[in-house]
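**Q** Quick one: this structure, given as structure tokens, is what I'll be asking you about.
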Amino acid sequence: MESGIPYGAGGRDASVAGAVTSGVDPRPYVTNPGYLNPPSGTDIAYYYTARDAFRTEAQIRTDFAANYVFRLPRTSSAELFFQAQVINLFNQSQLCACGGTAFGTGSGGNAGGVNIQRINTAVLTPVSTPARYAAFNPFTTTPVQGTNWDLGPVFGQAISRFAYTTPQSLRLSFGVRF
């Protein structure tokens, strides 16, 4: 059993590969200290809720494994082995966001990896939807949901099948060890 994974309404849409952040644009509220290219709203992440305001379901899964080893007669250490594993024996399924990043380093740019674990955390903001939401000063104003921002239409939903508990699977291994 694993507890659910916390997530918040942040500014990056993890469902779109290479998505930009849709946070807040601080430029109207801060004097540029000399940056040639000051960061815009697509560069600044901003959490509209606590970082752990939401939580996925707990993952409950039962796995089973059996091993068998047969020592070969007239050899010093050779043996035949067999292993059977049943992953998620009772085929329980939960939205757990429990996958990982495959073929990447986990860096900010994901180093070419494939993001397979998450649920949609897209937030509509004055940066991503300026005609719909009013800009606000992030240093002095608390943004209001529905006025300055809102959850995306599929917020909290799975991006891919990998956001769910691993389905019932059978793994078999066998061979000779010496």
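Labeling convention for the structure tokens: chains A, B, ... as they appear, residues from 1 per chain, ligands from 1 in order of appearance.
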Residues within 7 Å of range 74-89 of chain A, please, as a CSV table (one decimal) with all heavy atoms, in the first residue's frame. Count only C-alpha atoms; anything in the same chain fewer than 3 positions from it doesn't count.

**A**
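Dumped to out34.csv:
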chain,number,residue,atom,x,y,z
A,61,ARG,N,-2.0,-2.7,-3.8
A,61,ARG,CA,-1.7,-3.7,-4.8
A,61,ARG,C,-1.1,-4.9,-4.0
A,61,ARG,O,-0.3,-4.7,-3.1
A,61,ARG,CB,-0.7,-3.1,-5.8
A,61,ARG,CG,-0.4,-4.0,-6.9
A,61,ARG,CD,0.5,-3.3,-7.9
A,61,ARG,NE,1.9,-3.6,-7.5
A,61,ARG,CZ,3.0,-3.1,-8.1
A,61,ARG,NH1,2.9,-2.2,-9.0
A,61,ARG,NH2,4.2,-3.5,-7.7
A,62,THR,N,-1.5,-6.1,-4.4
A,62,THR,CA,-0.9,-7.3,-3.8
A,62,THR,C,-0.1,-8.0,-4.9
A,62,THR,O,-0.6,-8.3,-6.0
A,62,THR,CB,-2.0,-8.2,-3.3
A,62,THR,OG1,-2.8,-7.5,-2.4
A,62,THR,CG2,-1.4,-9.4,-2.7
A,63,ASP,N,1.2,-8.2,-4.6
A,63,ASP,CA,2.1,-9.0,-5.6
A,63,ASP,C,2.4,-10.3,-4.9
A,63,ASP,O,2.4,-10.5,-3.7
A,63,ASP,CB,3.4,-8.2,-5.8
A,63,ASP,CG,3.1,-6.8,-6.5
A,63,ASP,OD1,2.0,-6.6,-7.1
A,63,ASP,OD2,4.0,-6.0,-6.4
A,64,PHE,N,2.7,-11.3,-5.8
A,64,PHE,CA,3.0,-12.6,-5.3
A,64,PHE,C,4.2,-13.1,-6.1
A,64,PHE,O,4.3,-12.9,-7.4
A,64,PHE,CB,1.9,-13.6,-5.5
A,64,PHE,CG,2.2,-15.0,-5.2
A,64,PHE,CD1,2.3,-15.4,-3.8
A,64,PHE,CD2,2.5,-15.9,-6.2
A,64,PHE,CE1,2.6,-16.7,-3.5
A,64,PHE,CE2,2.8,-17.2,-5.9
A,64,PHE,CZ,2.9,-17.6,-4.5
A,65,ALA,N,5.2,-13.7,-5.5
A,65,ALA,CA,6.3,-14.3,-6.2
A,65,ALA,C,6.6,-15.7,-5.6
A,65,ALA,O,6.5,-15.9,-4.4
A,65,ALA,CB,7.6,-13.4,-6.0
A,66,ALA,N,7.0,-16.6,-6.5
A,66,ALA,CA,7.4,-18.0,-6.0
A,66,ALA,C,8.7,-18.3,-6.8
A,66,ALA,O,8.9,-18.0,-8.0
A,66,ALA,CB,6.4,-19.0,-6.4
A,67,ASN,N,9.7,-18.9,-6.0
A,67,ASN,CA,11.0,-19.3,-6.6
A,67,ASN,C,11.2,-20.8,-6.4
A,67,ASN,O,10.8,-21.3,-5.3
A,67,ASN,CB,12.1,-18.5,-5.8
A,67,ASN,CG,12.0,-17.1,-6.0
A,67,ASN,OD1,12.1,-16.5,-7.1
A,67,ASN,ND2,11.8,-16.3,-4.9
A,68,TYR,N,11.8,-21.4,-7.3
A,68,TYR,CA,12.2,-22.8,-7.2
A,68,TYR,C,13.6,-23.0,-7.7
A,68,TYR,O,13.9,-22.5,-8.8
A,68,TYR,CB,11.2,-23.7,-8.0
A,68,TYR,CG,11.6,-25.2,-7.9
A,68,TYR,CD1,11.3,-25.9,-6.7
A,68,TYR,CD2,12.2,-25.8,-8.9
A,68,TYR,CE1,11.7,-27.2,-6.6
A,68,TYR,CE2,12.5,-27.1,-8.8
A,68,TYR,CZ,12.3,-27.8,-7.6
A,68,TYR,OH,12.6,-29.1,-7.5
A,69,VAL,N,14.4,-23.7,-7.0
A,69,VAL,CA,15.8,-23.9,-7.4
A,69,VAL,C,16.1,-25.4,-7.3
A,69,VAL,O,15.7,-26.1,-6.3
A,69,VAL,CB,16.8,-23.2,-6.5
A,69,VAL,CG1,18.2,-23.5,-6.9
A,69,VAL,CG2,16.6,-21.7,-6.6
A,70,PHE,N,16.7,-26.0,-8.4
A,70,PHE,CA,17.0,-27.4,-8.4
A,70,PHE,C,18.5,-27.5,-8.6
A,70,PHE,O,19.0,-27.1,-9.7
A,70,PHE,CB,16.2,-28.2,-9.5
A,70,PHE,CG,16.6,-29.6,-9.6
A,70,PHE,CD1,16.2,-30.5,-8.7
A,70,PHE,CD2,17.4,-30.0,-10.7
A,70,PHE,CE1,16.6,-31.9,-8.8
A,70,PHE,CE2,17.8,-31.3,-10.8
A,70,PHE,CZ,17.4,-32.3,-9.9
A,71,ARG,N,19.2,-28.1,-7.7
A,71,ARG,CA,20.7,-28.2,-7.9
A,71,ARG,C,20.9,-29.4,-8.8
A,71,ARG,O,20.4,-30.5,-8.5
A,71,ARG,CB,21.4,-28.4,-6.5
A,71,ARG,CG,21.3,-27.2,-5.7
A,71,ARG,CD,22.4,-27.3,-4.6
A,71,ARG,NE,22.3,-26.2,-3.7
A,71,ARG,CZ,22.9,-25.0,-3.9
A,71,ARG,NH1,23.6,-24.8,-4.9
A,71,ARG,NH2,22.7,-24.0,-3.0
A,92,GLN,N,-6.4,-4.7,-8.9
A,92,GLN,CA,-7.0,-3.5,-8.3
A,92,GLN,C,-6.4,-2.3,-9.1
A,92,GLN,O,-5.2,-2.3,-9.5
A,92,GLN,CB,-6.6,-3.3,-6.9
A,92,GLN,CG,-7.2,-4.4,-6.0
A,92,GLN,CD,-6.7,-4.3,-4.6
A,92,GLN,OE1,-5.6,-4.2,-4.3
A,92,GLN,NE2,-7.7,-4.4,-3.7
A,166,THR,N,-0.3,-0.4,-11.9
A,166,THR,CA,0.1,-1.4,-12.9
A,166,THR,C,-1.0,-2.5,-13.0
A,166,THR,O,-1.4,-3.1,-11.9
A,166,THR,CB,1.4,-2.1,-12.5
A,166,THR,OG1,2.4,-1.1,-12.4
A,166,THR,CG2,1.9,-3.1,-13.5
A,167,PRO,N,-1.5,-2.9,-14.2
A,167,PRO,CA,-2.5,-3.9,-14.3
A,167,PRO,C,-1.9,-5.3,-13.9
A,167,PRO,O,-0.7,-5.5,-13.9
A,167,PRO,CB,-2.9,-3.8,-15.7
A,167,PRO,CG,-1.8,-3.2,-16.4
A,167,PRO,CD,-1.1,-2.3,-15.5
A,168,GLN,N,-2.8,-6.2,-13.7
A,168,GLN,CA,-2.4,-7.6,-13.4
A,168,GLN,C,-1.4,-8.1,-14.5
A,168,GLN,O,-1.7,-8.0,-15.7
A,168,GLN,CB,-3.6,-8.5,-13.3
A,168,GLN,CG,-3.2,-9.9,-12.8
A,168,GLN,CD,-4.5,-10.7,-12.6
A,168,GLN,OE1,-5.3,-10.8,-13.5
A,168,GLN,NE2,-4.6,-11.3,-11.4
A,169,SER,N,-0.2,-8.5,-14.0
A,169,SER,CA,0.8,-9.0,-15.0
A,169,SER,C,1.5,-10.2,-14.5
A,169,SER,O,1.6,-10.4,-13.2
A,169,SER,CB,1.9,-7.9,-15.1
A,169,SER,OG,1.3,-6.7,-15.5
A,170,LEU,N,2.0,-11.0,-15.4
A,170,LEU,CA,2.7,-12.2,-15.0
A,170,LEU,C,4.1,-12.1,-15.6
A,170,LEU,O,4.3,-11.8,-16.7
A,170,LEU,CB,2.0,-13.5,-15.6
A,170,LEU,CG,2.7,-14.8,-15.4
A,170,LEU,CD1,2.8,-15.2,-13.9
A,170,LEU,CD2,2.0,-15.9,-16.2
A,171,ARG,N,5.1,-12.4,-14.7
A,171,ARG,CA,6.5,-12.4,-15.2
A,171,ARG,C,7.0,-13.8,-14.8
A,171,ARG,O,6.9,-14.3,-13.7
A,171,ARG,CB,7.3,-11.4,-14.4
A,171,ARG,CG,7.0,-10.0,-14.6
A,171,ARG,CD,7.9,-9.1,-13.9
A,171,ARG,NE,7.5,-7.8,-13.9
A,171,ARG,CZ,7.8,-6.8,-13.0
A,171,ARG,NH1,8.7,-7.1,-12.0
A,171,ARG,NH2,7.4,-5.6,-13.0
A,172,LEU,N,7.7,-14.4,-15.8
A,172,LEU,CA,8.3,-15.7,-15.6
A,172,LEU,C,9.8,-15.6,-15.9
A,172,LEU,O,10.2,-15.0,-17.0
A,172,LEU,CB,7.7,-16.8,-16.6
A,172,LEU,CG,6.2,-17.0,-16.4
A,172,LEU,CD1,5.7,-18.0,-17.4
A,172,LEU,CD2,5.9,-17.6,-15.0
A,173,SER,N,10.6,-16.2,-15.1
A,173,SER,CA,12.1,-16.2,-15.3
A,173,SER,C,12.5,-17.7,-15.1
A,173,SER,O,12.1,-18.3,-14.1
A,173,SER,CB,12.8,-15.3,-14.3
A,173,SER,OG,12.3,-14.0,-14.4
A,174,PHE,N,13.4,-18.1,-15.9
A,174,PHE,CA,14.0,-19.5,-15.7
A,174,PHE,C,15.4,-19.5,-16.4
A,174,PHE,O,15.7,-18.7,-17.2
A,174,PHE,CB,13.1,-20.6,-16.3
A,174,PHE,CG,12.8,-20.4,-17.7
A,174,PHE,CD1,13.5,-20.9,-18.7
A,174,PHE,CD2,11.6,-19.6,-18.1
A,174,PHE,CE1,13.2,-20.8,-20.0
A,174,PHE,CE2,11.3,-19.5,-19.4
A,174,PHE,CZ,12.1,-20.1,-20.4
A,175,GLY,N,16.2,-20.4,-15.9
A,175,GLY,CA,17.5,-20.5,-16.5
A,175,GLY,C,18.4,-21.4,-15.7
A,175,GLY,O,18.0,-22.2,-14.8
A,176,VAL,N,19.7,-21.3,-16.0
A,176,VAL,CA,20.7,-22.2,-15.4
A,176,VAL,C,21.7,-21.2,-14.8
A,176,VAL,O,22.2,-20.2,-15.4
A,176,VAL,CB,21.4,-23.1,-16.4
A,176,VAL,CG1,22.5,-23.8,-15.7
A,176,VAL,CG2,20.5,-24.0,-17.1
A,177,ARG,N,22.0,-21.4,-13.5
A,177,ARG,CA,23.1,-20.7,-12.8
A,177,ARG,C,24.2,-21.6,-12.5
A,177,ARG,O,24.1,-22.7,-12.2
A,177,ARG,CB,22.6,-20.1,-11.5
A,177,ARG,CG,21.6,-18.9,-11.7
A,177,ARG,CD,21.3,-18.3,-10.4
A,177,ARG,NE,20.2,-19.0,-9.8
A,177,ARG,CZ,19.2,-18.4,-9.2
A,177,ARG,NH1,19.1,-17.1,-9.1
A,177,ARG,NH2,18.2,-19.1,-8.7
A,178,PHE,N,25.4,-21.1,-12.6
A,178,PHE,CA,26.6,-21.9,-12.3
A,178,PHE,C,27.7,-21.0,-11.7
A,178,PHE,O,27.7,-19.8,-11.7
A,178,PHE,CB,27.1,-22.7,-13.5
A,178,PHE,CG,27.3,-21.9,-14.7
A,178,PHE,CD1,28.5,-21.2,-15.0
A,178,PHE,CD2,26.2,-21.7,-15.6
A,178,PHE,CE1,28.6,-20.5,-16.2
A,178,PHE,CE2,26.3,-21.0,-16.8
A,178,PHE,CZ,27.5,-20.4,-17.1

**Q** Quick one: pull the distance between CA of Asn120 in chain A and CA of Gln59 in chain A, Å, one decimal.

**A** 18.2 Å

**Q** For a quick check of understanding, using only C-alpha atoms, which of A:Leu36, A:Ile44, A:Leu72, A:Ala131 has the smallest distance to Val24 in chain A?

**A**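 For Val24 in chain A, the nearest of the candidates is A:Ile44.
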
**Q** Considering only C-alpha atoms, state which residue in the set A:Gly41, A:Thr56, A:Gly10, A:Cys96 is at the smallest distance from Arg161 in chain A.

**A**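 Of all the options, A:Cys96 lies closest to Arg161 in chain A.
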
**Q** Measuring between only C-alpha atoms, which one of A:Asn32, A:Ser40, A:Asn91, A:Thr121 shows the shortest distance to Pro6 in chain A?

**A**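 Among the listed residues, A:Thr121 lies closest to Pro6 in chain A.
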
**Q** Between CA of Asn37 in chain A and CA of Gly152 in chain A, measure the distance and give it in Å to one decimal.

**A**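 Computing the Euclidean distance for CA of Asn37 in chain A and CA of Gly152 in chain A yields 28.9 Å.
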
**Q** Go through A:Asp25, A:Ala9, A:Gly4, A:Ile159 and flag the residue nearest Phe139 in chain A, using only C-alpha atoms for the distances.

**A**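 Of A:Asp25, A:Ala9, A:Gly4, A:Ile159, the one nearest Phe139 in chain A is A:Asp25, counting only C-alpha atoms.
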
**Q** Taking the DSSP assignment computed from this structure's backbone, write out as a VMD selection string all residues of chain A that belong to helix (DSSP H, G or I).

**A** chain A and resid 27 to 29 110 to 112 161 to 163

**Q** Got a sec: who's within 7 Å of Leu95 in chain A, counting only C-alpha atoms, leaving out chain neighbours fewer than 5 positions off, as a compact mmCIF listing (two decimals) with N, CA, C and O atoms, in the first residue's frame?

**A**
# COMPACT_ATOMS: atom_id res chain seq x y z
N THR A 56 -3.79 12.16 -4.94
CA THR A 56 -4.34 11.03 -5.69
C THR A 56 -4.81 9.96 -4.71
O THR A 56 -4.53 10.03 -3.51
N GLU A 57 -5.48 8.94 -5.23
CA GLU A 57 -5.91 7.83 -4.40
C GLU A 57 -4.69 7.07 -3.88
O GLU A 57 -3.62 7.10 -4.49
N ALA A 163 -0.61 6.51 -15.50
CA ALA A 163 -0.98 7.21 -14.26
C ALA A 163 -1.77 6.29 -13.33
O ALA A 163 -2.09 6.68 -12.22
N TYR A 164 -2.10 5.11 -13.80
CA TYR A 164 -2.87 4.15 -13.01
C TYR A 164 -1.96 3.05 -12.46
O TYR A 164 -0.85 2.84 -12.95
N THR A 165 -2.46 2.34 -11.45
CA THR A 165 -1.75 1.20 -10.89
C THR A 165 -1.43 0.21 -12.01
O THR A 165 -2.23 0.01 -12.92

**Q** If we count only C-alpha atoms and set the cut-off at 9 Å, which residues sit around Thr147 in chain A, ignoring sequence neighbours fewer than 4 positions away in its own chain? Please answer as a ChimeraX atom specification.

**A** /A:132-135,143

**Q** Mind writing the picked residues with N, CA, C and O atoms as a tab-separated table (two decimals), in the first residue's frame?

**A**
chain	number	residue	atom	x	y	z
A	132	ARG	N	-9.68	35.96	-20.68
A	132	ARG	CA	-10.65	35.41	-19.72
A	132	ARG	C	-10.33	35.74	-18.27
A	132	ARG	O	-11.24	35.85	-17.44
A	133	TYR	N	-9.03	35.89	-17.93
A	133	TYR	CA	-8.64	36.09	-16.54
A	133	TYR	C	-7.85	37.39	-16.37
A	133	TYR	O	-7.01	37.73	-17.18
A	134	ALA	N	-8.14	38.09	-15.29
A	134	ALA	CA	-7.51	39.38	-15.01
A	134	ALA	C	-6.11	39.18	-14.43
A	134	ALA	O	-5.90	38.32	-13.58
A	135	ALA	N	-5.18	39.98	-14.88
A	135	ALA	CA	-3.83	39.96	-14.33
A	135	ALA	C	-3.87	40.47	-12.90
A	135	ALA	O	-4.78	41.20	-12.50
A	143	PRO	N	-4.48	35.83	-5.67
A	143	PRO	CA	-5.35	35.60	-6.82
A	143	PRO	C	-6.65	34.88	-6.43
A	143	PRO	O	-6.66	34.06	-5.52
